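Content type compact mmCIF, C-alpha atoms and all ligand atoms, from the file entry_1.txt:
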# COMPACT_ATOMS: atom_id res chain seq x y z
CA MET A 1 63.01 43.53 -76.08
CA LYS A 2 65.13 46.56 -76.82
CA LEU A 3 64.42 49.40 -79.23
CA LEU A 4 67.22 51.78 -80.13
CA GLY A 5 66.60 55.33 -81.38
CA LEU A 6 69.45 56.84 -83.38
CA SER A 7 69.38 60.51 -84.30
CA PHE A 8 71.66 62.29 -86.75
CA GLY A 9 69.98 65.64 -86.01
CA ARG A 10 70.71 68.49 -83.62
CA LYS A 11 70.25 68.11 -79.88
CA MET A 12 66.57 68.43 -78.90
CA ALA A 13 65.63 69.56 -82.41
CA ASN A 14 63.12 68.08 -84.87
CA THR A 15 64.64 64.67 -85.68
CA GLU A 16 65.46 63.92 -82.05
CA VAL A 17 62.01 64.89 -80.76
CA LEU A 18 60.26 62.73 -83.40
CA ILE A 19 62.43 59.71 -82.56
CA LYS A 20 61.83 60.18 -78.83
CA GLU A 21 58.07 60.41 -79.42
CA ALA A 22 58.22 57.12 -81.37
CA LEU A 23 60.23 55.50 -78.55
CA MET A 24 57.61 56.68 -76.03
CA GLY A 25 54.95 54.95 -78.16
CA ALA A 26 57.03 51.76 -78.08
CA GLU A 27 57.34 51.86 -74.30
CA GLN A 28 53.56 51.34 -74.12
CA TRP A 29 54.27 47.85 -75.53
CA GLY A 30 56.61 47.07 -72.64
CA ILE A 31 59.62 47.59 -74.89
CA GLU A 32 62.83 48.96 -73.38
CA ALA A 33 63.87 52.12 -75.19
CA GLY A 34 67.32 53.70 -75.56
CA PHE A 35 68.43 56.77 -77.49
CA ILE A 36 71.76 57.85 -78.99
CA ARG A 37 72.53 61.21 -80.56
CA VAL A 38 75.10 60.07 -83.11
CA THR A 39 76.34 63.66 -83.59
CA ASP A 40 77.75 63.46 -80.02
CA LEU A 41 80.00 60.55 -81.02
CA HIS A 42 83.34 60.63 -82.75
CA ILE A 43 82.99 58.40 -85.81
CA GLU A 44 85.85 58.28 -88.30
CA PRO A 45 85.07 57.90 -92.01
CA CYS A 46 85.78 54.45 -93.46
CA SER A 47 89.35 54.48 -94.83
CA GLY A 48 88.54 51.84 -97.45
CA CYS A 49 91.14 49.39 -96.08
CA GLU A 50 88.61 46.52 -96.30
CA ALA A 51 90.12 44.86 -93.21
CA CYS A 52 86.53 44.10 -92.13
CA ALA A 53 85.61 42.33 -95.39
CA HIS A 54 88.97 40.51 -95.70
CA GLY A 55 88.57 39.42 -92.08
CA LEU A 56 85.06 38.10 -92.77
CA PHE A 57 86.10 36.24 -95.91
CA GLY A 58 88.85 34.63 -93.84
CA GLY A 59 86.29 33.45 -91.28
CA GLY A 60 86.87 36.35 -88.85
CA SER A 61 84.65 38.75 -86.91
CA GLY A 62 84.57 41.66 -89.37
CA ARG A 63 85.71 44.10 -86.69
CA CYS A 64 86.90 47.52 -87.88
CA VAL A 65 90.49 48.58 -87.18
CA LEU A 66 89.74 52.30 -86.73
CA LYS A 67 89.89 53.66 -83.17
CA ASP A 68 86.91 55.83 -82.29
CA ASP A 69 83.44 55.65 -80.67
CA PHE A 70 82.10 53.15 -83.21
CA PRO A 71 82.37 50.10 -80.86
CA PHE A 72 79.92 51.84 -78.48
CA LEU A 73 77.41 52.33 -81.30
CA ASP A 74 78.05 48.80 -82.57
CA GLU A 75 77.36 47.25 -79.16
CA GLN A 76 73.99 49.06 -79.00
CA LEU A 77 73.18 47.95 -82.56
CA MET A 78 73.99 44.34 -81.74
CA GLU A 79 71.97 44.47 -78.55
CA CYS A 80 68.75 45.93 -79.98
CA ASP A 81 65.78 44.04 -81.44
CA GLY A 82 64.46 47.15 -83.17
CA LEU A 83 65.86 50.38 -84.51
CA ILE A 84 64.35 53.78 -85.25
CA VAL A 85 66.79 55.88 -87.18
CA GLY A 86 66.24 59.51 -88.08
CA SER A 87 68.27 61.94 -90.11
CA PRO A 88 67.87 65.52 -91.29
CA VAL A 89 68.10 66.06 -95.03
CA PHE A 90 71.31 67.85 -96.00
CA VAL A 91 71.58 68.70 -99.70
CA LEU A 92 68.78 66.29 -100.70
CA THR A 93 70.14 63.22 -98.85
CA PRO A 94 70.58 62.09 -95.23
CA THR A 95 73.58 63.80 -93.59
CA GLY A 96 77.23 63.02 -94.29
CA LEU A 97 77.62 61.50 -90.81
CA PHE A 98 74.68 59.19 -91.55
CA LYS A 99 76.49 57.96 -94.68
CA THR A 100 79.73 57.64 -92.70
CA VAL A 101 77.99 55.26 -90.30
CA CYS A 102 76.42 53.39 -93.26
CA ASP A 103 79.91 52.89 -94.72
CA ARG A 104 81.17 51.60 -91.38
CA ILE A 105 78.36 49.02 -91.14
CA GLY A 106 77.94 48.26 -94.87
CA PRO A 107 80.31 45.36 -95.65
CA SER A 108 81.30 44.65 -92.02
CA HIS A 109 77.71 44.04 -90.86
CA ASP A 110 76.36 42.47 -94.05
CA MET A 111 74.29 39.54 -92.80
CA ALA A 112 75.36 37.26 -95.67
CA PHE A 113 79.05 38.19 -95.28
CA ARG A 114 78.76 37.35 -91.59
CA MET A 115 77.00 34.05 -92.30
CA ARG A 116 79.74 33.05 -94.74
CA ALA A 117 82.38 34.17 -92.20
CA LYS A 118 80.81 32.01 -89.52
CA GLU A 119 80.86 28.96 -91.81
CA ILE A 120 84.51 29.54 -92.77
CA GLY A 121 85.53 30.32 -89.19
CA ILE A 122 83.89 27.18 -87.79
CA ALA A 123 85.50 25.07 -90.54
CA LYS A 124 88.87 26.56 -89.49
CA GLY A 125 88.15 25.68 -85.85
CA LYS A 126 88.09 29.30 -84.62
CA GLU A 127 86.88 30.11 -81.10
CA LYS A 128 83.50 31.82 -80.69
CA GLU A 129 85.05 35.22 -79.78
CA LYS A 130 86.91 35.31 -83.13
CA LEU A 131 83.75 34.67 -85.17
CA PRO A 132 81.14 37.34 -86.08
CA ASP A 133 78.95 38.46 -83.18
CA GLU A 134 76.15 35.90 -82.85
CA ARG A 135 73.65 38.73 -82.25
CA SER A 136 74.12 39.78 -85.91
CA PHE A 137 71.83 36.93 -86.93
CA LYS A 138 68.77 37.80 -84.87
CA ARG A 139 65.61 39.31 -86.32
CA ARG A 140 65.52 43.11 -86.09
CA ILE A 141 62.80 45.56 -87.07
CA GLY A 142 63.30 49.11 -88.27
CA GLY A 143 61.55 52.44 -88.75
CA LEU A 144 62.93 55.42 -90.69
CA ILE A 145 62.39 59.16 -90.12
CA SER A 146 63.57 61.78 -92.60
CA VAL A 147 63.37 65.47 -91.70
CA GLY A 148 63.86 68.34 -94.14
CA GLY A 149 63.68 72.10 -93.80
CA SER A 150 62.00 72.72 -97.14
CA ILE A 151 58.23 72.86 -97.47
CA ASN A 152 58.70 71.50 -100.98
CA PRO A 153 59.11 67.68 -100.84
CA GLU A 154 61.26 67.92 -104.00
CA TRP A 155 64.04 69.14 -101.69
CA LEU A 156 63.86 65.95 -99.62
CA SER A 157 63.77 63.57 -102.59
CA LEU A 158 66.69 61.31 -101.62
CA GLY A 159 66.16 61.54 -97.86
CA LEU A 160 63.90 58.59 -97.05
CA PRO A 161 65.00 56.27 -99.88
CA LEU A 162 68.66 56.55 -98.93
CA MET A 163 67.95 55.88 -95.27
CA ASN A 164 67.55 52.23 -96.33
CA LEU A 165 71.35 52.21 -96.74
CA PHE A 166 71.55 51.93 -92.97
CA THR A 167 69.20 49.00 -92.58
CA PHE A 168 69.67 46.77 -95.63
CA SER A 169 73.13 45.46 -94.93
CA PRO A 170 72.53 44.30 -91.31
CA HIS A 171 69.22 42.90 -92.59
CA ILE A 172 66.93 45.07 -90.48
CA GLU A 173 63.33 44.75 -91.73
CA VAL A 174 61.88 48.23 -92.19
CA VAL A 175 58.12 48.26 -91.53
CA ASP A 176 57.35 51.98 -91.50
CA GLN A 177 58.80 55.33 -92.48
CA MET A 178 57.83 58.97 -92.23
CA GLU A 179 58.97 62.23 -93.74
CA LEU A 180 58.66 65.66 -92.14
CA ILE A 181 58.83 68.67 -94.41
CA GLY A 182 59.24 72.31 -93.36
CA ALA A 183 61.25 71.58 -90.19
CA ASN A 184 63.78 74.27 -89.43
CA HIS A 185 65.51 76.27 -86.72
CA TYR A 186 62.63 78.68 -86.14
CA ASP A 187 60.28 76.38 -84.24
CA ASN A 188 60.14 72.74 -83.14
CA VAL A 189 58.12 69.79 -84.41
CA VAL A 190 56.73 69.34 -80.89
CA GLN A 191 54.23 72.03 -81.92
CA ASN A 192 53.11 70.02 -84.96
CA GLU A 193 50.40 67.71 -83.62
CA ASN A 194 50.04 65.63 -86.80
CA ALA A 195 53.74 64.95 -87.12
CA MET A 196 53.99 63.96 -83.45
CA LYS A 197 51.02 61.60 -83.86
CA ARG A 198 52.65 60.05 -86.94
CA ALA A 199 55.91 59.54 -85.07
CA ARG A 200 54.11 57.83 -82.19
CA LEU A 201 52.29 55.61 -84.71
CA LEU A 202 55.65 54.67 -86.22
CA GLY A 203 56.77 53.65 -82.73
CA HIS A 204 53.63 51.47 -82.43
CA HIS A 205 54.19 49.90 -85.85
CA VAL A 206 57.81 49.01 -85.10
CA SER A 207 56.76 47.59 -81.70
CA GLU A 208 53.93 45.56 -83.20
CA ALA A 209 56.35 43.93 -85.64
CA MET A 210 58.92 43.39 -82.88
CA VAL A 211 56.55 41.52 -80.60
CA ASN A 212 54.97 39.44 -83.40
CA PRO A 213 57.39 36.81 -84.70
CA GLY A 214 57.36 35.86 -88.39
CA GLU A 215 57.41 37.95 -91.51
CA SER A 216 56.47 41.57 -90.92
CA ALA A 217 53.98 43.45 -93.05
CA TRP A 218 54.69 46.91 -94.44
CA MET A 219 52.82 49.53 -92.39
CA GLY A 220 53.95 52.72 -94.14
CA ASP A 221 51.49 55.23 -95.64
CA GLU A 222 52.42 54.54 -99.27
CA PRO A 223 53.17 51.13 -100.84
CA GLY A 224 55.86 52.69 -103.12
CA MET A 225 56.68 51.50 -106.63
CA CYS A 226 58.98 48.74 -105.38
CA PRO A 227 57.10 46.03 -103.48
CA VAL A 228 60.27 45.05 -101.56
CA CYS A 229 61.79 48.32 -100.29
CA HIS A 230 58.64 50.45 -100.90
CA SER A 231 60.66 53.30 -102.38
CA ASN A 232 59.94 55.17 -105.60
CA LEU A 233 63.58 55.41 -106.57
CA LEU A 234 63.68 53.72 -109.97
CA LYS A 235 66.44 53.75 -112.59
CA ILE A 236 64.79 54.29 -115.94
CA THR A 237 66.30 54.18 -119.41
CA ASN A 238 64.46 54.46 -122.72
CA LYS A 239 63.31 50.85 -122.62
CA ASN A 240 62.16 48.20 -120.16
CA PRO A 241 63.14 46.78 -117.75
CA VAL A 242 63.40 49.46 -115.06
CA GLU A 243 65.53 48.87 -111.98
CA CYS A 244 64.81 49.54 -108.32
CA ALA A 245 67.87 51.59 -107.34
CA LEU A 246 67.82 50.26 -103.78
CA CYS A 247 67.00 46.58 -104.32
CA GLY A 248 68.79 46.17 -107.67
CA ILE A 249 65.85 44.21 -109.10
CA HIS A 250 64.28 44.62 -112.53
CA GLY A 251 60.64 45.17 -113.41
CA GLU A 252 58.39 45.89 -116.35
CA MET A 253 57.02 49.44 -116.48
CA LYS A 254 53.63 50.16 -118.11
CA VAL A 255 52.13 53.58 -118.80
CA ASP A 256 48.36 53.76 -119.13
CA GLY A 257 47.31 57.39 -119.56
CA GLN A 258 48.29 59.10 -116.28
CA ARG A 259 48.84 55.77 -114.51
CA ILE A 260 52.26 54.17 -114.25
CA SER A 261 52.74 50.66 -112.91
CA VAL A 262 55.82 48.47 -112.52
CA THR A 263 55.58 44.68 -112.24
CA PHE A 264 58.36 42.74 -110.59
CA THR A 265 58.27 38.94 -110.94
CA GLU A 266 58.43 36.81 -107.78
CA GLU A 267 61.84 35.60 -108.91
CA GLU A 268 63.16 39.18 -109.12
CA LYS A 269 61.63 40.12 -105.74
CA LYS A 270 63.50 37.22 -104.14
CA ARG A 271 66.83 38.49 -105.45
CA SER A 272 66.50 41.99 -103.96
CA ARG A 273 69.60 42.87 -101.93
CA LEU A 274 67.19 43.39 -99.04
CA THR A 275 66.62 39.62 -98.96
CA LEU A 276 69.09 37.06 -97.70
CA ALA A 277 69.11 35.33 -101.12
CA GLY A 278 69.97 38.66 -102.77
CA LYS A 279 72.81 39.22 -100.31
CA MET A 280 74.11 35.69 -100.97
CA GLU A 281 74.09 36.44 -104.72
CA HIS A 282 76.48 39.33 -103.91
CA VAL A 283 78.72 37.07 -101.76
CA ASN A 284 78.99 34.59 -104.65
CA GLU A 285 79.67 37.39 -107.10
CA ILE A 286 82.53 38.64 -104.86
CA ASP A 287 83.94 35.09 -104.69
CA ARG A 288 83.90 34.88 -108.51
CA ASN A 289 85.42 38.33 -108.91
CA ILE A 290 88.27 37.57 -106.48
CA LYS A 291 89.08 34.36 -108.39
CA ILE A 292 89.13 36.23 -111.73
CA LYS A 293 91.40 38.96 -110.31
CA GLN A 294 93.73 36.46 -108.64
CA ALA A 295 94.11 34.53 -111.91
CA ARG A 296 94.88 37.78 -113.75
CA MET A 297 97.50 38.73 -111.14
CA GLU A 298 99.16 35.35 -111.60
CA ARG A 299 99.30 35.94 -115.37
CA GLU A 300 100.16 39.64 -115.53
CA GLY A 301 100.96 40.68 -111.94
CA ALA A 302 104.71 41.04 -112.47
CA ASP A 303 104.11 44.12 -114.69
CA LEU A 304 101.89 45.91 -112.16
CA PRO A 305 104.50 47.97 -110.18
CA GLY A 306 106.04 49.17 -113.44
CA LYS A 307 102.68 50.20 -114.88
CA LEU A 308 101.83 52.17 -111.72
CA GLU A 309 105.18 53.95 -111.47
CA LYS A 310 104.29 57.07 -113.55
CA TYR A 311 101.16 57.75 -111.42
CA LYS A 312 103.04 57.93 -108.10
CA GLY A 313 102.74 61.49 -106.77
CA TYR A 314 101.63 62.74 -110.21
CA LYS A 315 100.72 66.49 -109.94
CA GLU A 316 99.77 66.06 -106.26
CA ILE A 317 99.19 69.48 -104.72
CA GLN A 318 100.61 69.64 -101.21
CA MET A 319 98.79 71.50 -98.44
CA LYS A 320 100.94 74.31 -97.01
CA PRO A 321 101.39 74.28 -93.21
CA ASN A 322 98.95 76.68 -91.51
CA PRO A 323 100.96 79.85 -90.59
CA THR A 324 99.03 80.42 -87.31
C1 LIG A 401 74.01 71.80 -94.77
C2 LIG A 401 72.50 71.75 -94.78
C3 LIG A 401 71.86 71.35 -95.91
C4 LIG A 401 70.47 71.28 -95.94
N1 LIG A 401 69.86 70.85 -97.07
C5 LIG A 401 68.52 70.66 -97.07
C6 LIG A 401 67.89 70.12 -98.22
O1 LIG A 401 68.50 69.81 -99.24
N2 LIG A 401 66.54 69.93 -98.17
C7 LIG A 401 65.81 70.27 -97.07
O2 LIG A 401 64.61 70.06 -97.08
N3 LIG A 401 66.40 70.78 -95.96
C8 LIG A 401 67.73 70.99 -95.93
N4 LIG A 401 68.35 71.48 -94.80
C9 LIG A 401 67.53 71.81 -93.61
C10 LIG A 401 67.50 70.67 -92.58
O3 LIG A 401 67.03 69.48 -93.15
C11 LIG A 401 66.57 71.08 -91.42
O4 LIG A 401 67.13 72.21 -90.77
C12 LIG A 401 66.27 70.00 -90.39
O5 LIG A 401 65.25 70.43 -89.56
C13 LIG A 401 67.41 69.71 -89.49
O6 LIG A 401 67.03 68.65 -88.61
P1 LIG A 401 67.08 68.84 -87.02
O7 LIG A 401 66.16 69.98 -86.70
O8 LIG A 401 66.62 67.57 -86.44
O9 LIG A 401 68.52 69.11 -86.68
C14 LIG A 401 69.72 71.62 -94.77
C15 LIG A 401 70.40 72.05 -93.62
C16 LIG A 401 71.77 72.11 -93.61
C17 LIG A 401 72.48 72.52 -92.35
Can you present the structure in this file as structure tokens?
Amino acid sequence: MKLLGLSFGRKMANTEVLIKEALMGAEQWGIEAGFIRVTDLHIEPCSGCEACAHGLFGGGSGRCVLKDDFPFLDEQLMECDGLIVGSPVFVLTPTGLFKTVCDRIGPSHDMAFRMRAKEIGIAKGKEKEKLPDERSFKRRIGGLISVGGSINPEWLSLGLPLMNLFTFSPHIEVVDQMELIGANHYDNVVQNENAMKRARLLGHHVSEAMVNPGESAWMGDEPGMCPVCHSNLLKITNKNPVECALCGIHGEMKVDGQRISVTFTEEEKKRSRLTLAGKMEHVNEIDRNIKIKQARMEREGADLPGKLEKYKGYKEIQMKPNPT
């Protein structure tokens, strides 16, 4: 079994050292560990061309058309049975590069998109190499590490929750997560015994879930308000229901003095976008949406170029060539 550590932090700094400590814990379980510093790779931002999604919905592999180091990262992702991903917090969230990689794996590695693609591709008689990578469908376990410089957790508020953006689409089951506050350039987490112990424990938790087949139990320190993703990131308006911002499911919030609880029905839990059923709901919604848009284009499509004409180049400010 293979466990991949992915760091979006600086070389040999806090995030990297925590991930490596977790990987060392996993090695005690006989798991083969590998580490990639994503900041060493050249990863282009997603251009939004949707070639991956169009390819998948045509029964293809979902491969990206951009030319960079992504295929190397992808091969390691496909190969692993477990993933520990760590990112520093930059301006309250994981880093921009982290989000860039999330965009590159979001639609293209969506487990339900790939399942639908496989069905369509087989029905079209495509060869195996032209279908989505078969390794996309295996069970994978994840652990998340968020590292912020502030000693005030309020400055890391979107760090851990948003790290789920990496794991939900390829359907990696997160079993544990940790947050390190107060990490900066002036020392190194290796001197923080408690944090190092927690990272090693995370490595053990991920390993335990990897070697035990079946549904994995949550092993994080806090259960979180959402019983599916275990985050506290809720969308609240002035009336019930509230929505888990990560799962997209709705629950009933109750306030009893200082205590706040949110109840999610079993039906809602099953439709979280972290579940396969939730992902399928999205696939069906895309199917419906495409049909609606295609019908509209058939009715009104002839007018489209004319309607767009006045926006072409409108007030676009051109960059002057650099004089040096
Ligand atoms: C551009 C930038 C923005 C940052 N924003 C935050 C922040 O919002 N909250 C925080 O806690 N730390 C912030 N930090 C500090 C980093 O999270 C901290 O230095 C962390 O230790 C870096 O991880 P590393 O040591 O693994 O590279 C920021 C650092 C940079 C460079």
Give me, as a ChimeraX atom specification, all polymer residues having an atom no more than 10 Å from segment 69-83 of chain A, counting all atoms listed in the file and skipping those fewer than 4 positions away in the same chain. /A:1-6,23,31-36,38,40-44,63-64,101,104-105,109,133-144,167,170,172-174,203,206-207,209-211
Report, in Å to a single decimal, how far apart atom CA of Ala199 of chain A and atom CA of Gly30 of chain A are. 17.6 Å
Could you give me the residues within 10 Å of ligand LIG 401 (chain A), counting all atoms listed in the file, as a PyMOL selection string? chain A and resi 7-19+86-96+146-159+180-189
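Residue nearest Phe98 of chain A, chosen from A:Gly48, A:Ala117, A:Thr39, A:Pro223 and counting all atoms listed in the file: A:Thr39.
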Polymer residues at most 12 Å from Glu243 of chain A, only C-alpha atoms, same-chain spacing of 3 or more positions, as a PyMOL selection string: chain A and resi 225-226+231-237+239-240+246-253+262-264+268-269+272
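The space separating atom CA of Pro45 of chain A from atom CA of Gly62 of chain A comes to 16.5 Å.
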